[in-house]
file protein13.cif (mmCIF, C-alpha atoms)
data_upload
loop_
_atom_site.label_atom_id
_atom_site.label_comp_id
_atom_site.auth_asym_id
_atom_site.auth_seq_id
_atom_site.Cartn_x
_atom_site.Cartn_y
_atom_site.Cartn_z
CA MET Z 397 141.24 31.11 57.25
CA LYS Z 398 140.85 34.69 58.49
CA ALA Z 399 143.80 37.08 58.60
CA ILE Z 400 144.10 40.69 59.73
CA VAL Z 401 145.99 42.61 57.03
CA CYS Z 402 147.62 46.03 56.96
CA HIS Z 403 147.64 47.41 53.39
CA ARG Z 404 148.99 50.87 54.25
CA PHE Z 405 150.63 52.52 57.22
CA GLY Z 406 148.31 54.80 59.14
CA SER Z 407 145.17 54.20 61.18
CA PHE Z 408 144.51 50.82 62.76
CA ARG Z 409 140.88 51.43 61.79
CA ASP Z 410 141.94 50.67 58.21
CA LEU Z 411 143.03 47.11 58.99
CA ALA Z 412 141.18 44.52 56.91
CA VAL Z 413 139.96 41.07 57.94
CA GLU Z 414 140.46 38.88 54.88
CA GLU Z 415 140.21 35.25 53.85
CA ARG Z 416 143.51 33.56 53.00
CA PRO Z 417 144.45 29.98 52.16
CA PRO Z 418 145.49 28.09 55.31
CA PRO Z 419 149.22 27.33 55.57
CA GLU Z 420 150.78 23.89 55.57
CA ALA Z 421 153.62 22.80 57.82
CA GLY Z 422 156.95 22.40 56.05
CA PRO Z 423 159.34 19.61 57.08
CA ASP Z 424 160.90 21.81 59.79
CA GLU Z 425 157.69 23.51 60.92
CA VAL Z 426 154.75 23.06 63.25
CA LEU Z 427 151.23 24.07 62.21
CA VAL Z 428 149.33 25.79 65.02
CA GLU Z 429 145.61 26.49 65.08
CA LEU Z 430 145.53 29.77 66.98
CA ARG Z 431 142.87 30.38 69.62
CA ALA Z 432 143.86 33.76 71.13
CA TRP Z 433 146.11 36.69 70.25
CA GLY Z 434 147.86 39.30 72.39
CA VAL Z 435 147.55 42.90 71.20
CA ASN Z 436 150.42 45.22 72.16
CA TYR Z 437 151.45 48.84 71.83
CA VAL Z 438 154.13 47.76 69.36
CA ASP Z 439 151.37 46.48 67.07
CA VAL Z 440 149.67 49.88 67.15
CA ILE Z 441 152.80 51.81 66.20
CA MET Z 442 153.89 49.21 63.63
CA VAL Z 443 150.57 49.61 61.83
CA GLY Z 444 150.98 53.37 62.18
CA GLY Z 445 154.38 53.21 60.49
CA THR Z 446 156.28 54.77 63.39
CA TYR Z 447 158.00 51.63 64.69
CA GLN Z 448 161.66 51.02 63.84
CA LEU Z 449 160.62 47.89 61.92
CA ARG Z 450 158.54 48.71 58.83
CA PRO Z 451 157.41 45.46 57.20
CA ASP Z 452 156.83 45.34 53.48
CA LEU Z 453 153.19 46.04 52.61
CA PRO Z 454 150.81 44.34 52.81
CA PHE Z 455 151.60 42.52 56.05
CA VAL Z 456 149.88 40.73 58.91
CA PRO Z 457 150.56 42.45 62.25
CA GLY Z 458 150.76 40.79 65.66
CA THR Z 459 153.67 39.40 67.65
CA GLU Z 460 152.20 36.85 70.07
CA ALA Z 461 149.43 34.26 70.15
CA ALA Z 462 148.44 30.88 71.57
CA GLY Z 463 146.81 27.78 70.18
CA VAL Z 464 146.93 24.04 69.52
CA VAL Z 465 149.39 22.05 67.40
CA SER Z 466 147.47 20.59 64.46
CA ALA Z 467 150.27 19.20 62.23
CA ILE Z 468 153.99 18.51 62.55
CA GLY Z 469 156.70 18.53 59.90
CA ALA Z 470 158.72 15.39 59.25
CA ASN Z 471 161.91 16.74 60.83
CA VAL Z 472 160.31 18.16 63.99
CA THR Z 473 160.67 16.53 67.40
CA GLY Z 474 159.50 17.58 70.84
CA PHE Z 475 155.90 18.46 69.93
CA ALA Z 476 152.76 16.37 69.43
CA ILE Z 477 149.43 17.06 67.78
CA GLY Z 478 147.11 18.52 70.40
CA ASP Z 479 149.85 20.28 72.39
CA ARG Z 480 148.85 23.71 73.68
CA VAL Z 481 151.53 26.27 72.79
CA MET Z 482 152.25 29.99 72.99
CA THR Z 483 153.83 31.44 69.86
CA ALA Z 484 156.07 34.34 68.82
CA HIS Z 485 155.89 36.15 65.47
CA ARG Z 486 157.96 38.87 63.71
CA PRO Z 487 155.14 39.97 62.99
CA GLY Z 488 152.35 37.78 61.53
CA ALA Z 489 150.39 36.59 64.55
CA PHE Z 490 146.93 37.83 63.57
CA VAL Z 491 145.91 34.77 61.57
CA GLU Z 492 143.77 31.76 62.46
CA ALA Z 493 146.59 29.31 61.69
CA ALA Z 494 150.37 29.66 61.41
CA ALA Z 495 153.23 27.40 60.30
CA LEU Z 496 156.17 28.14 62.61
CA HIS Z 497 159.63 26.91 63.49
CA PRO Z 498 159.59 25.03 66.81
CA SER Z 499 161.92 27.64 68.32
CA SER Z 500 159.05 30.14 68.07
CA MET Z 501 156.83 28.31 70.55
CA GLN Z 502 156.71 26.99 74.10
CA PRO Z 503 154.25 24.69 75.87
CA ILE Z 504 151.51 26.42 77.85
CA PRO Z 505 151.43 25.56 81.58
CA ASP Z 506 148.38 23.48 82.49
CA ALA Z 507 146.79 26.16 84.67
CA MET Z 508 147.13 28.90 82.01
CA SER Z 509 144.29 29.66 79.59
CA PHE Z 510 144.83 30.38 75.90
CA GLU Z 511 144.01 34.05 76.53
CA GLU Z 512 146.56 34.30 79.36
CA ALA Z 513 149.16 32.50 77.26
CA ALA Z 514 148.57 34.80 74.29
CA GLY Z 515 149.41 37.79 76.47
CA PHE Z 516 152.29 36.23 78.40
CA ARG Z 517 155.38 36.17 76.22
CA ALA Z 518 155.96 39.79 75.15
CA GLY Z 519 155.49 41.37 78.55
CA PHE Z 520 157.19 38.82 80.75
CA THR Z 521 160.21 38.12 78.55
CA THR Z 522 160.84 41.85 78.19
CA ALA Z 523 160.43 42.40 81.93
CA TYR Z 524 162.78 39.54 82.82
CA HIS Z 525 165.43 40.45 80.26
CA GLY Z 526 165.27 44.10 81.27
CA LEU Z 527 165.47 43.54 85.01
CA VAL Z 528 167.99 40.67 84.94
CA GLN Z 529 170.33 41.13 81.97
CA GLY Z 530 169.72 44.86 81.62
CA GLY Z 531 169.39 45.97 85.23
CA ASN Z 532 171.11 43.20 87.21
CA LEU Z 533 168.39 43.62 89.83
CA GLN Z 534 169.38 42.02 93.13
CA ALA Z 535 167.31 40.83 96.07
CA GLY Z 536 166.91 43.64 98.58
CA GLU Z 537 167.20 46.41 95.99
CA THR Z 538 164.39 48.80 95.05
CA ALA Z 539 162.87 48.73 91.57
CA LEU Z 540 160.81 51.65 90.29
CA ILE Z 541 158.39 50.32 87.66
CA LEU Z 542 157.00 53.06 85.42
CA GLY Z 543 153.81 52.39 83.47
CA ALA Z 544 152.98 49.79 86.10
CA GLY Z 545 149.37 49.51 84.94
CA GLY Z 546 150.27 48.32 81.45
CA GLY Z 547 150.92 44.77 80.34
CA MET Z 548 154.68 45.17 80.42
CA GLY Z 549 154.63 47.15 83.66
CA LEU Z 550 152.50 44.61 85.51
CA ALA Z 551 154.81 41.86 84.27
CA ALA Z 552 157.80 43.82 85.60
CA VAL Z 553 156.10 44.26 89.00
CA GLN Z 554 155.68 40.49 89.28
CA VAL Z 555 159.16 39.61 88.03
CA ALA Z 556 160.82 42.15 90.34
CA LYS Z 557 158.97 40.65 93.31
CA GLN Z 558 160.12 37.15 92.35
CA LEU Z 559 163.69 38.48 92.23
CA GLY Z 560 163.34 39.69 95.82
CA ALA Z 561 163.14 43.43 95.18
CA THR Z 562 161.06 46.09 96.88
CA VAL Z 563 158.75 47.41 94.16
CA ILE Z 564 157.55 50.97 93.68
CA ALA Z 565 154.74 50.92 91.11
CA ALA Z 566 154.12 54.19 89.27
CA ALA Z 567 151.11 54.68 87.01
CA GLY Z 568 148.63 57.30 85.90
CA SER Z 569 145.47 56.37 87.79
CA ALA Z 570 144.26 54.94 91.09
CA GLU Z 571 142.60 52.06 89.24
CA LYS Z 572 145.86 51.00 87.61
CA LEU Z 573 147.74 51.30 90.90
CA ALA Z 574 145.16 49.13 92.67
CA VAL Z 575 145.81 46.37 90.15
CA ALA Z 576 149.59 46.77 90.59
CA LYS Z 577 149.11 46.42 94.35
CA SER Z 578 147.17 43.20 93.83
CA TYR Z 579 150.23 41.79 92.03
CA GLY Z 580 152.60 42.59 94.88
CA ALA Z 581 153.74 46.21 94.53
CA ASP Z 582 155.02 47.55 97.87
CA HIS Z 583 154.59 51.28 97.20
CA LEU Z 584 152.14 53.02 94.86
CA ILE Z 585 152.71 56.38 93.14
CA ASP Z 586 150.39 58.27 90.80
CA TYR Z 587 152.90 60.04 88.57
CA THR Z 588 150.48 62.50 87.00
CA ASP Z 589 151.48 65.04 89.69
CA GLY Z 590 155.22 64.26 89.72
CA PHE Z 591 156.84 61.62 91.86
CA ARG Z 592 160.45 62.49 92.74
CA SER Z 593 159.75 63.31 96.40
CA ARG Z 594 157.57 60.23 96.88
CA VAL Z 595 160.22 57.86 95.49
CA LYS Z 596 162.76 59.47 97.80
CA ALA Z 597 160.39 59.10 100.75
CA ALA Z 598 159.75 55.42 99.97
CA THR Z 599 163.50 54.73 99.88
CA ASP Z 600 164.60 56.75 102.93
CA GLY Z 601 166.10 59.34 100.62
CA ARG Z 602 168.28 56.95 98.60
CA GLY Z 603 166.27 56.64 95.40
CA ALA Z 604 165.61 53.61 93.21
CA ASP Z 605 168.33 51.12 92.34
CA VAL Z 606 166.68 50.06 89.07
CA VAL Z 607 164.16 51.97 86.96
CA PHE Z 608 162.13 49.99 84.41
CA ASP Z 609 160.75 52.44 81.85
CA PRO Z 610 158.38 51.60 78.99
CA VAL Z 611 156.98 55.16 79.05
CA GLY Z 612 159.78 57.61 78.20
CA GLY Z 613 159.23 61.34 77.84
CA ASP Z 614 158.70 63.51 80.90
CA VAL Z 615 158.26 60.47 83.13
CA PHE Z 616 161.78 59.26 82.36
CA ASP Z 617 163.15 62.77 82.88
CA GLU Z 618 161.79 62.84 86.42
CA ALA Z 619 162.86 59.26 87.12
CA MET Z 620 166.46 60.30 86.49
CA ARG Z 621 166.18 62.62 89.49
CA CYS Z 622 165.17 59.96 91.99
CA ILE Z 623 167.84 57.29 91.52
CA ASN Z 624 170.35 55.81 93.95
CA MET Z 625 174.10 55.73 93.46
CA GLY Z 626 174.96 53.12 90.85
CA ALA Z 627 171.39 52.94 89.58
CA ARG Z 628 170.47 51.26 86.31
CA LEU Z 629 167.79 52.85 84.12
CA ILE Z 630 166.25 50.32 81.75
CA ILE Z 631 164.79 51.89 78.61
CA VAL Z 632 162.11 49.63 77.18
CA GLY Z 633 159.93 51.92 75.09
CA PHE Z 634 158.15 55.24 74.79
CA THR Z 635 154.41 54.77 75.18
CA GLY Z 636 154.35 58.36 76.44
CA GLY Z 637 155.03 59.48 72.88
CA ARG Z 638 158.54 60.91 73.21
CA PRO Z 639 161.69 58.77 73.36
CA ALA Z 640 163.67 59.29 76.55
CA GLN Z 641 166.76 61.50 76.45
CA ALA Z 642 169.23 60.56 79.17
CA ARG Z 643 170.93 63.49 80.90
CA THR Z 644 174.51 62.27 81.01
CA ASN Z 645 175.45 64.76 83.73
CA LEU Z 646 172.90 63.12 86.04
CA LEU Z 647 174.23 59.68 85.16
CA LEU Z 648 177.73 60.89 85.95
CA ILE Z 649 176.77 62.37 89.33
CA LYS Z 650 175.06 59.14 90.40
CA CYS Z 651 177.57 56.74 88.76
CA ALA Z 652 174.48 55.39 87.02
CA SER Z 653 173.87 53.73 83.66
CA ALA Z 654 171.07 53.87 81.10
CA VAL Z 655 170.55 50.63 79.17
CA GLY Z 656 168.29 50.09 76.18
CA ILE Z 657 166.84 46.61 75.74
CA ARG Z 658 165.11 44.81 72.86
CA VAL Z 659 164.10 41.31 73.80
CA GLY Z 660 163.72 40.20 70.17
CA ALA Z 661 167.26 41.24 69.28
CA PHE Z 662 168.53 39.61 72.49
CA SER Z 663 166.75 36.37 71.64
CA ARG Z 664 168.33 36.24 68.19
CA ALA Z 665 171.81 37.12 69.45
CA ARG Z 666 171.74 34.87 72.54
CA PRO Z 667 169.12 32.19 71.90
CA GLN Z 668 170.22 29.88 74.71
CA ALA Z 669 170.08 32.67 77.28
CA ALA Z 670 166.64 33.66 76.00
CA LEU Z 671 165.43 30.07 76.34
CA ALA Z 672 166.77 29.95 79.90
CA ASN Z 673 164.89 33.15 80.68
CA MET Z 674 161.66 31.71 79.30
CA ALA Z 675 162.13 28.44 81.18
CA ARG Z 676 162.40 30.30 84.48
CA LEU Z 677 159.35 32.40 83.69
CA LEU Z 678 157.31 29.32 82.82
CA ASP Z 679 158.44 27.62 86.05
CA TRP Z 680 157.20 30.63 88.01
CA ALA Z 681 153.96 30.69 86.04
CA ASP Z 682 153.41 26.97 86.56
CA ALA Z 683 153.84 27.55 90.30
CA GLY Z 684 151.21 30.29 90.24
CA LYS Z 685 153.71 33.10 90.86
CA LEU Z 686 153.12 34.96 87.57
CA ARG Z 687 149.83 35.72 85.88
CA THR Z 688 148.70 37.64 82.82
CA HIS Z 689 146.18 40.30 83.81
CA ILE Z 690 143.63 40.83 81.02
CA SER Z 691 141.38 43.88 81.14
CA HIS Z 692 139.80 43.66 77.68
CA ARG Z 693 138.83 40.82 75.34
CA PHE Z 694 137.59 41.34 71.78
CA PRO Z 695 136.50 39.03 68.96
CA PHE Z 696 139.16 38.52 66.31
CA ASP Z 697 137.50 40.80 63.78
CA GLN Z 698 137.31 43.72 66.25
CA ILE Z 699 141.02 44.46 65.99
CA GLY Z 700 140.31 48.18 65.53
CA ASN Z 701 138.51 48.37 68.88
CA ALA Z 702 141.27 46.37 70.55
CA MET Z 703 143.99 48.71 69.29
CA ALA Z 704 141.89 51.76 70.18
CA THR Z 705 141.73 50.52 73.77
CA ILE Z 706 145.53 50.53 73.89
CA ALA Z 707 145.96 53.82 72.04
CA ASP Z 708 143.42 55.52 74.34
CA ARG Z 709 145.21 54.19 77.46
CA LYS Z 710 142.13 52.34 78.66
CA ALA Z 711 143.85 48.97 79.05
CA ILE Z 712 145.07 47.70 82.41
CA GLY Z 713 147.40 44.82 81.75
CA LYS Z 714 146.72 43.07 78.47
CA VAL Z 715 144.25 43.28 75.60
CA VAL Z 716 143.55 40.03 73.75
CA LEU Z 717 141.64 38.86 70.71
CA THR Z 718 139.76 35.58 70.97
CA ARG Z 719 137.64 33.40 68.74
CA ASP Z 720 134.77 33.70 71.23
CA ALA Z 721 135.14 37.01 73.09
#
call {"tool": "encode", "arguments": {"input": "protein13.cif", "output": "structure tokens"}}
result
Amino acid sequence: MKAIVCHRFGSFRDLAVEERPPPEAGPDEVLVELRAWGVNYVDVIMVGGTYQLRPDLPFVPGTEAAGVVSAIGANVTGFAIGDRVMTAHRPGAFVEAAALHPSSMQPIPDAMSFEEAAGFRAGFTTAYHGLVQGGNLQAGETALILGAGGGMGLAAVQVAKQLGATVIAAAGSAEKLAVAKSYGADHLIDYTDGFRSRVKAATDGRGADVVFDPVGGDVFDEAMRCINMGARLIIVGFTGGRPAQARTNLLLIKCASAVGIRVGAFSRARPQAALANMARLLDWADAGKLRTHISHRFPFDQIGNAMATIADRKAIGKVVLTRDA
């Protein structure tokens, strides 16, 4: 089978596509023939060596995929050969077949394609965990979604709407904002020129109740100046290049809180809560209320081009690898 392998930290252009022996399912594992793979910003920085997790070299990157069950271990129940499943990896997704514990996979809703399923888990589970457990977002509140044109941001727009919030989508281009609007955003802000006054105007001067921030840097700094009393700032990442630095005096003045979230750590610490989160997300998806937006598809062996699309900020929503892009 083919595998994408990182032999040294640095440029994603140095990733190698290699032949490896296919895995076999152990007694407690499920063998999945993978059909599509989600490519995320975390994959780019993990290959670059700047992520907090540095796998031993060489390693196979990738954290999410989707495919078909092709074999089942003797001790496994709940899955059948031929089931369509979405899978989670820590990392190791960028292979044509993977032997996984059943807890690492969920059935794909009937209306969802392999490509959509491959890009579903990372964005939507992070968005839900951040907005619900991290931000305690309530119906009727206002959520400011930064980076709303990215895969995680678009997921957060959709989840916030399902939770009954008014959504302010902030992104860096009119094209990205148009997509956010198509997924339900109530207010649109291009944050390349600053956005404090526009958030205040959209909230009758109150500011946002919850800020969902995968961007960090200067964008987070300005977001801290347009929050309501008791606001919750959810720190998800730093695609802007600089980790956010919370001004505690501003938190104090607004009786606000800044909360960092890592959905992987949450899932390991509270597996039942994580499963409940995923079940609700899949119910919404099955009802047509959530959808993975894919802007770019690449063949499996064009991983360098896929990661370049993310690094160059050309993606809107998700980038996926497929067997037949």
call {"tool": "atom_distance", "arguments": {"input": "protein13.cif", "atom1": "atom CA of Leu646 of chain Z", "atom2": "atom CA of Gly603 of chain Z"}}
result
13.2 Å
call {"tool": "resolve_selection", "arguments": {"input": "protein13.cif", "expression": "the PyMOL selection byres ((chain Z and resi 512-520) around 8)", "output": "MDAnalysis selection string"}}
result
chainID Z and resid 432:435 459:462 482:484 504 508:511 521:524 547:549 551:552 555 677 687:690 714:716
call {"tool": "atom_distance", "arguments": {"input": "protein13.cif", "atom1": "atom CA of Gly590 of chain Z", "atom2": "atom CA of Ala566 of chain Z"}}
result
10.1 Å
call {"tool": "resolve_selection", "arguments": {"input": "protein13.cif", "expression": "the PyMOL selection byres ((chain Z and resi 495) around 9)", "output": "MDAnalysis selection string"}}
result
chainID Z and resid 419:422 425:428 467 493:494 496:497
call {"tool": "closest_residue", "arguments": {"input": "protein13.cif", "among": "Z:Gln554, Z:Asn532, Z:Ser593, Z:Ser691", "to": "Ser653 of chain Z", "atoms": "all atoms listed in the file"}}
result
Z:Asn532
call {"tool": "build_atoms", "arguments": {"input": "protein13.cif", "residues": "segment 480-516 of chain Z", "atoms": "N, CA and C atoms", "output": "mmCIF file, in the coordinates of the input"}}
result
data_model
loop_
_atom_site.group_PDB
_atom_site.id
_atom_site.type_symbol
_atom_site.label_atom_id
_atom_site.label_comp_id
_atom_site.auth_asym_id
_atom_site.auth_seq_id
_atom_site.Cartn_x
_atom_site.Cartn_y
_atom_site.Cartn_z
ATOM 1 N N ARG Z 480 149.186 22.287 73.559
ATOM 2 C CA ARG Z 480 148.850 23.710 73.680
ATOM 3 C C ARG Z 480 150.159 24.505 73.730
ATOM 4 N N VAL Z 481 150.273 25.528 72.883
ATOM 5 C CA VAL Z 481 151.530 26.270 72.790
ATOM 6 C C VAL Z 481 151.265 27.770 72.705
ATOM 7 N N MET Z 482 152.224 28.553 73.223
ATOM 8 C CA MET Z 482 152.250 29.990 72.990
ATOM 9 C C MET Z 482 153.282 30.268 71.913
ATOM 10 N N THR Z 483 153.015 31.247 71.051
ATOM 11 C CA THR Z 483 153.830 31.440 69.860
ATOM 12 C C THR Z 483 154.326 32.873 69.735
ATOM 13 N N ALA Z 484 155.476 33.028 69.075
ATOM 14 C CA ALA Z 484 156.070 34.340 68.820
ATOM 15 C C ALA Z 484 156.146 34.565 67.311
ATOM 16 N N HIS Z 485 155.948 35.807 66.891
ATOM 17 C CA HIS Z 485 155.890 36.150 65.470
ATOM 18 C C HIS Z 485 156.636 37.459 65.242
ATOM 19 N N ARG Z 486 157.122 37.700 63.993
ATOM 20 C CA ARG Z 486 157.960 38.870 63.710
ATOM 21 C C ARG Z 486 157.540 39.693 62.496
ATOM 22 N N PRO Z 487 156.395 40.236 62.299
ATOM 23 C CA PRO Z 487 155.140 39.970 62.990
ATOM 24 C C PRO Z 487 154.437 38.807 62.311
ATOM 25 N N GLY Z 488 153.086 38.826 62.224
ATOM 26 C CA GLY Z 488 152.350 37.780 61.530
ATOM 27 C C GLY Z 488 151.420 36.965 62.387
ATOM 28 N N ALA Z 489 151.181 37.392 63.629
ATOM 29 C CA ALA Z 489 150.390 36.590 64.550
ATOM 30 C C ALA Z 489 148.898 36.597 64.259
ATOM 31 N N PHE Z 490 148.382 37.674 63.661
ATOM 32 C CA PHE Z 490 146.930 37.830 63.570
ATOM 33 C C PHE Z 490 146.349 37.033 62.397
ATOM 34 N N VAL Z 491 146.475 35.720 62.514
ATOM 35 C CA VAL Z 491 145.910 34.770 61.570
ATOM 36 C C VAL Z 491 145.291 33.629 62.378
ATOM 37 N N GLU Z 492 144.410 32.864 61.740
ATOM 38 C CA GLU Z 492 143.770 31.760 62.460
ATOM 39 C C GLU Z 492 144.642 30.512 62.516
ATOM 40 N N ALA Z 493 145.664 30.434 61.661
ATOM 41 C CA ALA Z 493 146.590 29.310 61.690
ATOM 42 C C ALA Z 493 147.942 29.784 61.193
ATOM 43 N N ALA Z 494 149.016 29.234 61.781
ATOM 44 C CA ALA Z 494 150.370 29.660 61.410
ATOM 45 C C ALA Z 494 151.298 28.456 61.392
ATOM 46 N N ALA Z 495 152.172 28.400 60.379
ATOM 47 C CA ALA Z 495 153.230 27.400 60.300
ATOM 48 C C ALA Z 495 154.509 28.045 60.821
ATOM 49 N N LEU Z 496 155.074 27.492 61.893
ATOM 50 C CA LEU Z 496 156.170 28.140 62.610
ATOM 51 C C LEU Z 496 157.294 27.166 62.887
ATOM 52 N N HIS Z 497 158.504 27.714 63.021
ATOM 53 C CA HIS Z 497 159.630 26.910 63.490
ATOM 54 C C HIS Z 497 159.416 26.580 64.960
ATOM 55 N N PRO Z 498 159.803 25.401 65.400
ATOM 56 C CA PRO Z 498 159.590 25.030 66.810
ATOM 57 C C PRO Z 498 160.220 26.004 67.806
ATOM 58 N N SER Z 499 161.278 26.692 67.402
ATOM 59 C CA SER Z 499 161.920 27.640 68.320
ATOM 60 C C SER Z 499 161.028 28.833 68.636
ATOM 61 N N SER Z 500 159.957 29.008 67.873
ATOM 62 C CA SER Z 500 159.050 30.140 68.070
ATOM 63 C C SER Z 500 157.901 29.820 69.015
ATOM 64 N N MET Z 501 157.956 28.685 69.686
ATOM 65 C CA MET Z 501 156.830 28.310 70.550
ATOM 66 C C MET Z 501 157.305 27.597 71.803
ATOM 67 N N GLN Z 502 156.487 27.691 72.841
ATOM 68 C CA GLN Z 502 156.710 26.990 74.100
ATOM 69 C C GLN Z 502 155.397 26.381 74.575
ATOM 70 N N PRO Z 503 155.478 25.278 75.318
ATOM 71 C CA PRO Z 503 154.250 24.690 75.870
ATOM 72 C C PRO Z 503 153.586 25.648 76.862
ATOM 73 N N ILE Z 504 152.268 25.612 76.906
ATOM 74 C CA ILE Z 504 151.510 26.420 77.850
ATOM 75 C C ILE Z 504 151.345 25.647 79.154
ATOM 76 N N PRO Z 505 151.675 26.239 80.298
ATOM 77 C CA PRO Z 505 151.430 25.560 81.580
ATOM 78 C C PRO Z 505 149.961 25.154 81.721
ATOM 79 N N ASP Z 506 149.725 24.051 82.413
ATOM 80 C CA ASP Z 506 148.380 23.480 82.490
ATOM 81 C C ASP Z 506 147.349 24.461 83.044
ATOM 82 N N ALA Z 507 147.750 25.272 84.010
ATOM 83 C CA ALA Z 507 146.790 26.160 84.670
ATOM 84 C C ALA Z 507 146.539 27.451 83.894
ATOM 85 N N MET Z 508 147.217 27.644 82.764
ATOM 86 C CA MET Z 508 147.130 28.900 82.010
ATOM 87 C C MET Z 508 146.159 28.741 80.846
ATOM 88 N N SER Z 509 145.242 29.690 80.701
ATOM 89 C CA SER Z 509 144.290 29.660 79.590
ATOM 90 C C SER Z 509 144.967 30.116 78.300
ATOM 91 N N PHE Z 510 144.293 29.887 77.173
ATOM 92 C CA PHE Z 510 144.830 30.380 75.900
ATOM 93 C C PHE Z 510 144.955 31.904 75.924
ATOM 94 N N GLU Z 511 143.959 32.588 76.485
ATOM 95 C CA GLU Z 511 144.010 34.050 76.530
ATOM 96 C C GLU Z 511 145.201 34.535 77.360
ATOM 97 N N GLU Z 512 145.416 33.919 78.521
ATOM 98 C CA GLU Z 512 146.560 34.300 79.360
ATOM 99 C C GLU Z 512 147.873 34.005 78.653
ATOM 100 N N ALA Z 513 147.937 32.867 77.971
ATOM 101 C CA ALA Z 513 149.160 32.500 77.260
ATOM 102 C C ALA Z 513 149.443 33.449 76.107
ATOM 103 N N ALA Z 514 148.385 33.887 75.419
ATOM 104 C CA ALA Z 514 148.570 34.800 74.290
ATOM 105 C C ALA Z 514 149.135 36.134 74.722
ATOM 106 N N GLY Z 515 148.892 36.522 75.974
ATOM 107 C CA GLY Z 515 149.410 37.790 76.470
ATOM 108 C C GLY Z 515 150.605 37.654 77.380
ATOM 109 N N PHE Z 516 151.210 36.478 77.434
ATOM 110 C CA PHE Z 516 152.290 36.230 78.400
ATOM 111 C C PHE Z 516 153.662 36.618 77.871
#
